[in-house]
$ cat upload38.txt   # compact mmCIF, C-alpha atoms
# COMPACT_ATOMS: atom_id res chain seq x y z
CA MET D 8 71.78 171.97 72.71
CA TYR D 9 74.89 174.13 72.37
CA VAL D 10 76.88 171.60 74.44
CA VAL D 11 76.13 168.91 71.84
CA TYR D 12 77.07 171.16 68.93
CA LEU D 13 80.32 172.21 70.59
CA ALA D 14 81.27 168.61 71.37
CA VAL D 15 80.64 167.56 67.77
CA ALA D 16 82.64 170.54 66.48
CA ALA D 17 85.53 169.71 68.84
CA VAL D 18 85.61 166.07 67.71
CA ILE D 19 85.53 167.01 64.01
CA CYS D 20 88.26 169.64 64.43
CA ALA D 21 90.38 167.24 66.48
CA PHE D 22 90.06 164.52 63.86
CA LEU D 23 91.00 166.89 61.03
CA ASN D 24 93.88 168.32 63.07
CA TRP D 25 95.14 164.83 63.95
CA MET D 26 95.08 163.72 60.31
CA PHE D 27 97.57 166.42 59.35
CA THR D 28 99.94 166.33 62.33
CA ASP D 29 102.06 163.79 64.14
CA ALA D 30 100.32 164.39 67.49
CA THR D 31 98.57 161.54 69.23
CA PHE D 32 94.83 161.37 68.71
CA PHE D 33 93.99 161.43 72.43
CA ALA D 34 96.10 164.52 73.12
CA THR D 35 94.65 166.26 70.07
CA LEU D 36 91.08 165.42 71.06
CA LEU D 37 91.72 166.54 74.64
CA ALA D 38 93.13 169.87 73.45
CA TRP D 39 90.13 170.52 71.21
CA LEU D 40 87.61 169.52 73.88
CA LEU D 41 89.31 171.79 76.41
CA GLY D 42 89.36 174.68 73.94
CA VAL D 43 85.95 174.30 72.32
CA GLN D 44 83.68 172.35 74.67
CA VAL D 45 85.07 173.65 77.95
CA GLY D 46 86.49 177.01 76.84
CA LEU D 47 84.00 178.33 74.31
CA GLY D 48 81.12 176.51 76.04
CA ALA D 49 81.82 178.23 79.35
CA LEU D 50 82.29 181.61 77.65
CA TRP D 51 78.89 181.13 76.00
CA ALA D 52 77.41 180.26 79.40
CA PHE D 53 79.02 183.41 80.83
CA LEU D 54 77.30 185.55 78.22
CA GLY D 55 73.93 183.97 78.94
CA HIS D 56 74.19 184.10 82.75
CA TYR D 57 75.48 187.67 82.69
CA TYR D 58 73.56 189.40 79.90
CA LYS D 59 70.41 187.27 79.71
CA SER D 60 70.11 186.27 83.37
CA ASP D 61 66.33 186.18 83.56
CA GLN D 62 65.92 184.23 80.30
CA VAL D 63 68.53 181.68 81.39
CA ALA D 64 66.87 181.33 84.79
CA ALA D 65 63.53 180.66 83.10
CA TYR D 66 65.15 178.13 80.75
CA ILE D 67 66.62 176.30 83.75
CA GLY D 68 63.35 176.54 85.63
CA TRP D 69 64.59 178.84 88.37
CA ARG D 70 63.27 182.17 89.56
CA PRO D 71 64.61 185.19 87.69
CA GLY D 72 66.16 188.21 89.37
CA SER D 73 68.75 186.51 91.57
CA PRO D 74 72.20 188.13 91.72
CA PHE D 75 73.53 184.58 91.93
CA GLN D 76 73.26 184.48 88.13
CA LYS D 77 76.07 187.05 87.92
CA GLU D 78 78.25 184.95 90.25
CA ILE D 79 77.72 181.87 88.09
CA ALA D 80 78.53 184.03 85.07
CA PHE D 81 81.97 184.85 86.46
CA ALA D 82 82.66 181.21 87.40
CA ASN D 83 81.90 180.37 83.75
CA LEU D 84 84.14 183.21 82.58
CA ALA D 85 87.03 181.80 84.63
CA LEU D 86 86.45 178.28 83.34
CA GLY D 87 86.16 179.55 79.77
CA GLY D 88 89.42 181.44 80.07
CA CYS D 89 91.15 178.32 81.39
CA GLY D 90 89.76 176.18 78.58
CA VAL D 91 90.83 178.60 75.86
CA LEU D 92 94.29 178.96 77.43
CA ALA D 93 94.60 175.17 77.73
CA PHE D 94 94.04 174.93 73.99
CA GLY D 95 96.50 177.75 73.34
CA LEU D 96 99.17 176.06 75.45
CA ARG D 97 98.84 172.69 73.71
CA HIS D 98 102.39 173.01 72.27
CA SER D 99 103.92 174.57 75.39
CA PRO D 100 106.01 172.85 78.06
CA LEU D 101 103.38 174.17 80.51
CA ARG D 102 100.70 172.12 78.78
CA ASP D 103 100.33 169.13 81.08
CA GLY D 104 100.10 171.13 84.30
CA PHE D 105 97.68 173.61 82.79
CA TRP D 106 95.54 170.84 81.33
CA LEU D 107 95.42 169.13 84.71
CA ALA D 108 94.39 172.35 86.48
CA THR D 109 91.71 173.06 83.87
CA ILE D 110 90.34 169.52 84.08
CA LEU D 111 90.20 169.79 87.89
CA PHE D 112 88.37 173.13 87.66
CA ALA D 113 85.93 171.75 85.09
CA THR D 114 85.35 168.62 87.16
CA PHE D 115 84.56 170.47 90.39
CA PHE D 116 82.35 173.01 88.64
CA LEU D 117 80.48 170.64 86.32
CA VAL D 118 79.96 167.80 88.80
CA GLY D 119 78.79 170.38 91.33
CA ALA D 120 76.33 171.79 88.80
CA PHE D 121 75.17 168.25 88.01
CA THR D 122 74.39 167.56 91.67
CA VAL D 123 72.36 170.78 91.94
CA HIS D 124 70.40 170.00 88.77
CA ALA D 125 69.87 166.38 89.84
CA ALA D 126 68.53 167.47 93.23
CA ASP D 127 66.20 169.98 91.55
CA LEU D 128 64.97 167.25 89.21
CA ARG D 129 64.51 164.70 91.99
CA VAL D 130 63.08 166.94 94.73
CA GLY D 131 61.38 169.66 92.71
CA GLY D 132 60.47 167.67 89.61
CA ASN D 133 62.13 170.35 87.44
CA LYS D 134 62.24 168.85 83.95
CA LYS D 135 62.96 172.10 82.09
CA PRO D 136 65.54 171.63 79.29
CA GLY D 137 68.08 173.84 81.05
CA ASN D 138 67.88 171.66 84.16
CA ALA D 139 67.35 168.14 82.82
CA GLY D 140 68.36 168.42 79.15
CA PRO D 141 71.71 168.06 77.35
CA VAL D 142 73.57 170.26 79.86
CA PHE D 143 72.53 167.88 82.66
CA PHE D 144 74.25 164.97 80.93
CA ALA D 145 77.23 167.02 79.74
CA ASP D 146 77.88 168.14 83.32
CA ILE D 147 78.58 164.56 84.37
CA CYS D 148 79.93 163.09 81.12
CA MET D 149 82.44 165.78 80.14
CA PRO D 150 84.64 165.44 83.26
CA VAL D 151 84.77 161.67 82.74
CA VAL D 152 85.77 162.09 79.10
CA LEU D 153 88.40 164.71 79.99
CA TRP D 154 89.99 162.47 82.64
CA VAL D 155 90.02 159.42 80.37
CA LEU D 156 91.67 161.41 77.58
CA TYR D 157 94.18 162.95 80.00
CA TRP D 158 95.28 159.49 81.10
CA LEU D 159 95.27 158.05 77.57
CA ARG D 160 97.19 160.88 75.93

$ encode --input "upload38.txt" --output "C-alpha cells"
Amino acid sequence: MYVVYLAVAAVICAFLNWMFTDATFFATLLAWLLGVQVGLGALWAFLGHYYKSDQVAAYIGWRPGSPFQKEIAFANLALGGCGVLAFGLRHSPLRDGFWLATILFATFFLVGAFTVHAADLRVGGNKKPGNAGPVFFADICMPVVLWVLYWLR
C-alpha cells in the first residue's frame, strides 16, 4: 500500500506547492511525483529488497534466498536516486533532460516489472499482494501518468 500513500502525499504536496508559487500545476505535480512516488518509493523498495529480502520475496509470492533480490535492490536504489535528483533539479536548467531520463528509466523498470508480475499472475496464479496488489497497478499506471504530465507541463 505504500505506493498509494506516496502517490497521495505527492499530489497533496504538489497542490499545496502550486497554490503558493507561479509554477504550472502539471510541472509541479510531475516534480513531486518524481521526487516522492518514484524517488522515495524506489528507495523504500531498495531497503526492503536489500535488508528484508526473504520477507519481501514471501510478500511477492516468490521463493526466498535468491541473490536476485540484491540486484533488484540496487536497480531500485538507482531509480530512487534519479527520482530524488529530478525533484532537486526542478528549478535547474538541467531539469527537462533529467526528468526525461528519469521517466525513461522508470518506464523501462516499472513496465518490465509489470510484465513479470502479470506473467506470474497469469501462468502461476500468484495473487499475493506483492505480486497482484497496488504495486501491480502502479507499475503500469505510473509511467503513463509521468509521460502525460511531461507532455502537459

$ closest_residue --input "upload38.txt" --among "D:Val142, D:Arg160, D:Met26, D:Ala16" --to "D:Gln44" --atoms "only C-alpha atoms"
D:Ala16

$ closest_residue --input "upload38.txt" --among "D:Thr31, D:Gly72, D:Ala85, D:Leu23" --to "D:Phe116" --atoms "only C-alpha atoms"
D:Ala85

$ closest_residue --input "upload38.txt" --among "D:Leu86, D:Val11, D:Val151, D:Ala34" --to "D:His98" --atoms "only C-alpha atoms"
D:Ala34

$ closest_residue --input "upload38.txt" --among "D:Gln76, D:Leu117, D:Trp39, D:Val123" --to "D:Leu156" --atoms "all atoms listed in the file"
D:Trp39

$ closest_residue --input "upload38.txt" --among "D:Ala17, D:Val10, D:Leu54, D:Leu159" --to "D:Asp146" --atoms "only C-alpha atoms"
D:Val10

$ closest_residue --input "upload38.txt" --among "D:Gly55, D:Ala82, D:Leu40, D:Pro71" --to "D:Pro150" --atoms "all atoms listed in the file"
D:Leu40

$ residues_near_point --input "upload38.txt" --point "(84.0, 172.3, 79.3)" --cutoff "10 Å" --atoms "all atoms listed in the file" --output "PyMOL selection string"
chain D and resi 10+13-14+40-50+83+86-87+89-91+109-110+112-114+116-117+145-146+149-150+153

$ atom_distance --input "upload38.txt" --atom1 "atom CA of D:Trp106" --atom2 "atom CA of D:Tyr157"
8.1 Å

$ residues_around --input "upload38.txt" --residues "D:Ile79" --least-positions-apart "6" --cutoff "9 Å" --atoms "all atoms listed in the file" --output "list in words"
Ala52, Phe53, His56 and Tyr57 of chain D

$ atom_distance --input "upload38.txt" --atom1 "atom CA of D:Cys148" --atom2 "atom CA of D:Phe81"
22.5 Å

$ residues_around --input "upload38.txt" --residues "D:Met8" --least-positions-apart "6" --cutoff "10 Å" --atoms "only C-alpha atoms" --output "list in words"
Pro136, Gly137, Gly140, Pro141 and Val142 of chain D

$ build_atoms --input "upload38.txt" --residues "stretch 119-133 of chain D" --atoms "N, CA, C and O atoms" --output "PDB file, in the coordinates of the input"
ATOM      1  N   GLY D 119      79.597 169.610  90.381  1.00  0.00           N
ATOM      2  CA  GLY D 119      78.790 170.380  91.330  1.00  0.00           C
ATOM      3  C   GLY D 119      77.485 170.843  90.713  1.00  0.00           C
ATOM      4  O   GLY D 119      76.419 170.726  91.320  1.00  0.00           O
ATOM      5  N   ALA D 120      77.550 171.362  89.495  1.00  0.00           N
ATOM      6  CA  ALA D 120      76.330 171.790  88.800  1.00  0.00           C
ATOM      7  C   ALA D 120      75.403 170.600  88.568  1.00  0.00           C
ATOM      8  O   ALA D 120      74.182 170.716  88.735  1.00  0.00           O
ATOM      9  N   PHE D 121      75.977 169.456  88.206  1.00  0.00           N
ATOM     10  CA  PHE D 121      75.170 168.250  88.010  1.00  0.00           C
ATOM     11  C   PHE D 121      74.404 167.884  89.276  1.00  0.00           C
ATOM     12  O   PHE D 121      73.214 167.560  89.213  1.00  0.00           O
ATOM     13  N   THR D 122      75.064 167.938  90.425  1.00  0.00           N
ATOM     14  CA  THR D 122      74.390 167.560  91.670  1.00  0.00           C
ATOM     15  C   THR D 122      73.244 168.513  91.993  1.00  0.00           C
ATOM     16  O   THR D 122      72.194 168.088  92.475  1.00  0.00           O
ATOM     17  N   VAL D 123      73.429 169.794  91.705  1.00  0.00           N
ATOM     18  CA  VAL D 123      72.360 170.780  91.940  1.00  0.00           C
ATOM     19  C   VAL D 123      71.183 170.513  91.007  1.00  0.00           C
ATOM     20  O   VAL D 123      70.025 170.502  91.436  1.00  0.00           O
ATOM     21  N   HIS D 124      71.475 170.274  89.726  1.00  0.00           N
ATOM     22  CA  HIS D 124      70.400 170.000  88.770  1.00  0.00           C
ATOM     23  C   HIS D 124      69.698 168.676  89.088  1.00  0.00           C
ATOM     24  O   HIS D 124      68.476 168.571  88.975  1.00  0.00           O
ATOM     25  N   ALA D 125      70.471 167.677  89.500  1.00  0.00           N
ATOM     26  CA  ALA D 125      69.870 166.380  89.840  1.00  0.00           C
ATOM     27  C   ALA D 125      68.949 166.505  91.046  1.00  0.00           C
ATOM     28  O   ALA D 125      67.851 165.932  91.063  1.00  0.00           O
ATOM     29  N   ALA D 126      69.376 167.265  92.047  1.00  0.00           N
ATOM     30  CA  ALA D 126      68.530 167.470  93.230  1.00  0.00           C
ATOM     31  C   ALA D 126      67.255 168.218  92.852  1.00  0.00           C
ATOM     32  O   ALA D 126      66.163 167.886  93.332  1.00  0.00           O
ATOM     33  N   ASP D 127      67.376 169.227  91.972  1.00  0.00           N
ATOM     34  CA  ASP D 127      66.200 169.980  91.550  1.00  0.00           C
ATOM     35  C   ASP D 127      65.247 169.107  90.738  1.00  0.00           C
ATOM     36  O   ASP D 127      64.031 169.244  90.832  1.00  0.00           O
ATOM     37  N   LEU D 128      65.795 168.191  89.969  1.00  0.00           N
ATOM     38  CA  LEU D 128      64.970 167.250  89.210  1.00  0.00           C
ATOM     39  C   LEU D 128      64.279 166.269  90.159  1.00  0.00           C
ATOM     40  O   LEU D 128      63.069 166.045  90.066  1.00  0.00           O
ATOM     41  N   ARG D 129      65.040 165.707  91.086  1.00  0.00           N
ATOM     42  CA  ARG D 129      64.510 164.700  91.990  1.00  0.00           C
ATOM     43  C   ARG D 129      63.530 165.290  93.013  1.00  0.00           C
ATOM     44  O   ARG D 129      62.428 164.790  93.179  1.00  0.00           O
ATOM     45  N   VAL D 130      63.899 166.367  93.667  1.00  0.00           N
ATOM     46  CA  VAL D 130      63.080 166.940  94.730  1.00  0.00           C
ATOM     47  C   VAL D 130      61.981 167.831  94.180  1.00  0.00           C
ATOM     48  O   VAL D 130      60.832 167.738  94.600  1.00  0.00           O
ATOM     49  N   GLY D 131      62.352 168.693  93.225  1.00  0.00           N
ATOM     50  CA  GLY D 131      61.380 169.660  92.710  1.00  0.00           C
ATOM     51  C   GLY D 131      60.664 169.221  91.449  1.00  0.00           C
ATOM     52  O   GLY D 131      59.752 169.897  90.986  1.00  0.00           O
ATOM     53  N   GLY D 132      61.102 168.130  90.849  1.00  0.00           N
ATOM     54  CA  GLY D 132      60.470 167.670  89.610  1.00  0.00           C
ATOM     55  C   GLY D 132      60.737 168.591  88.432  1.00  0.00           C
ATOM     56  O   GLY D 132      59.996 168.567  87.449  1.00  0.00           O
ATOM     57  N   ASN D 133      61.813 169.388  88.493  1.00  0.00           N
ATOM     58  CA  ASN D 133      62.130 170.350  87.440  1.00  0.00           C
ATOM     59  C   ASN D 133      62.682 169.635  86.210  1.00  0.00           C
ATOM     60  O   ASN D 133      63.833 169.234  86.184  1.00  0.00           O
TER      61      ASN D 133
END
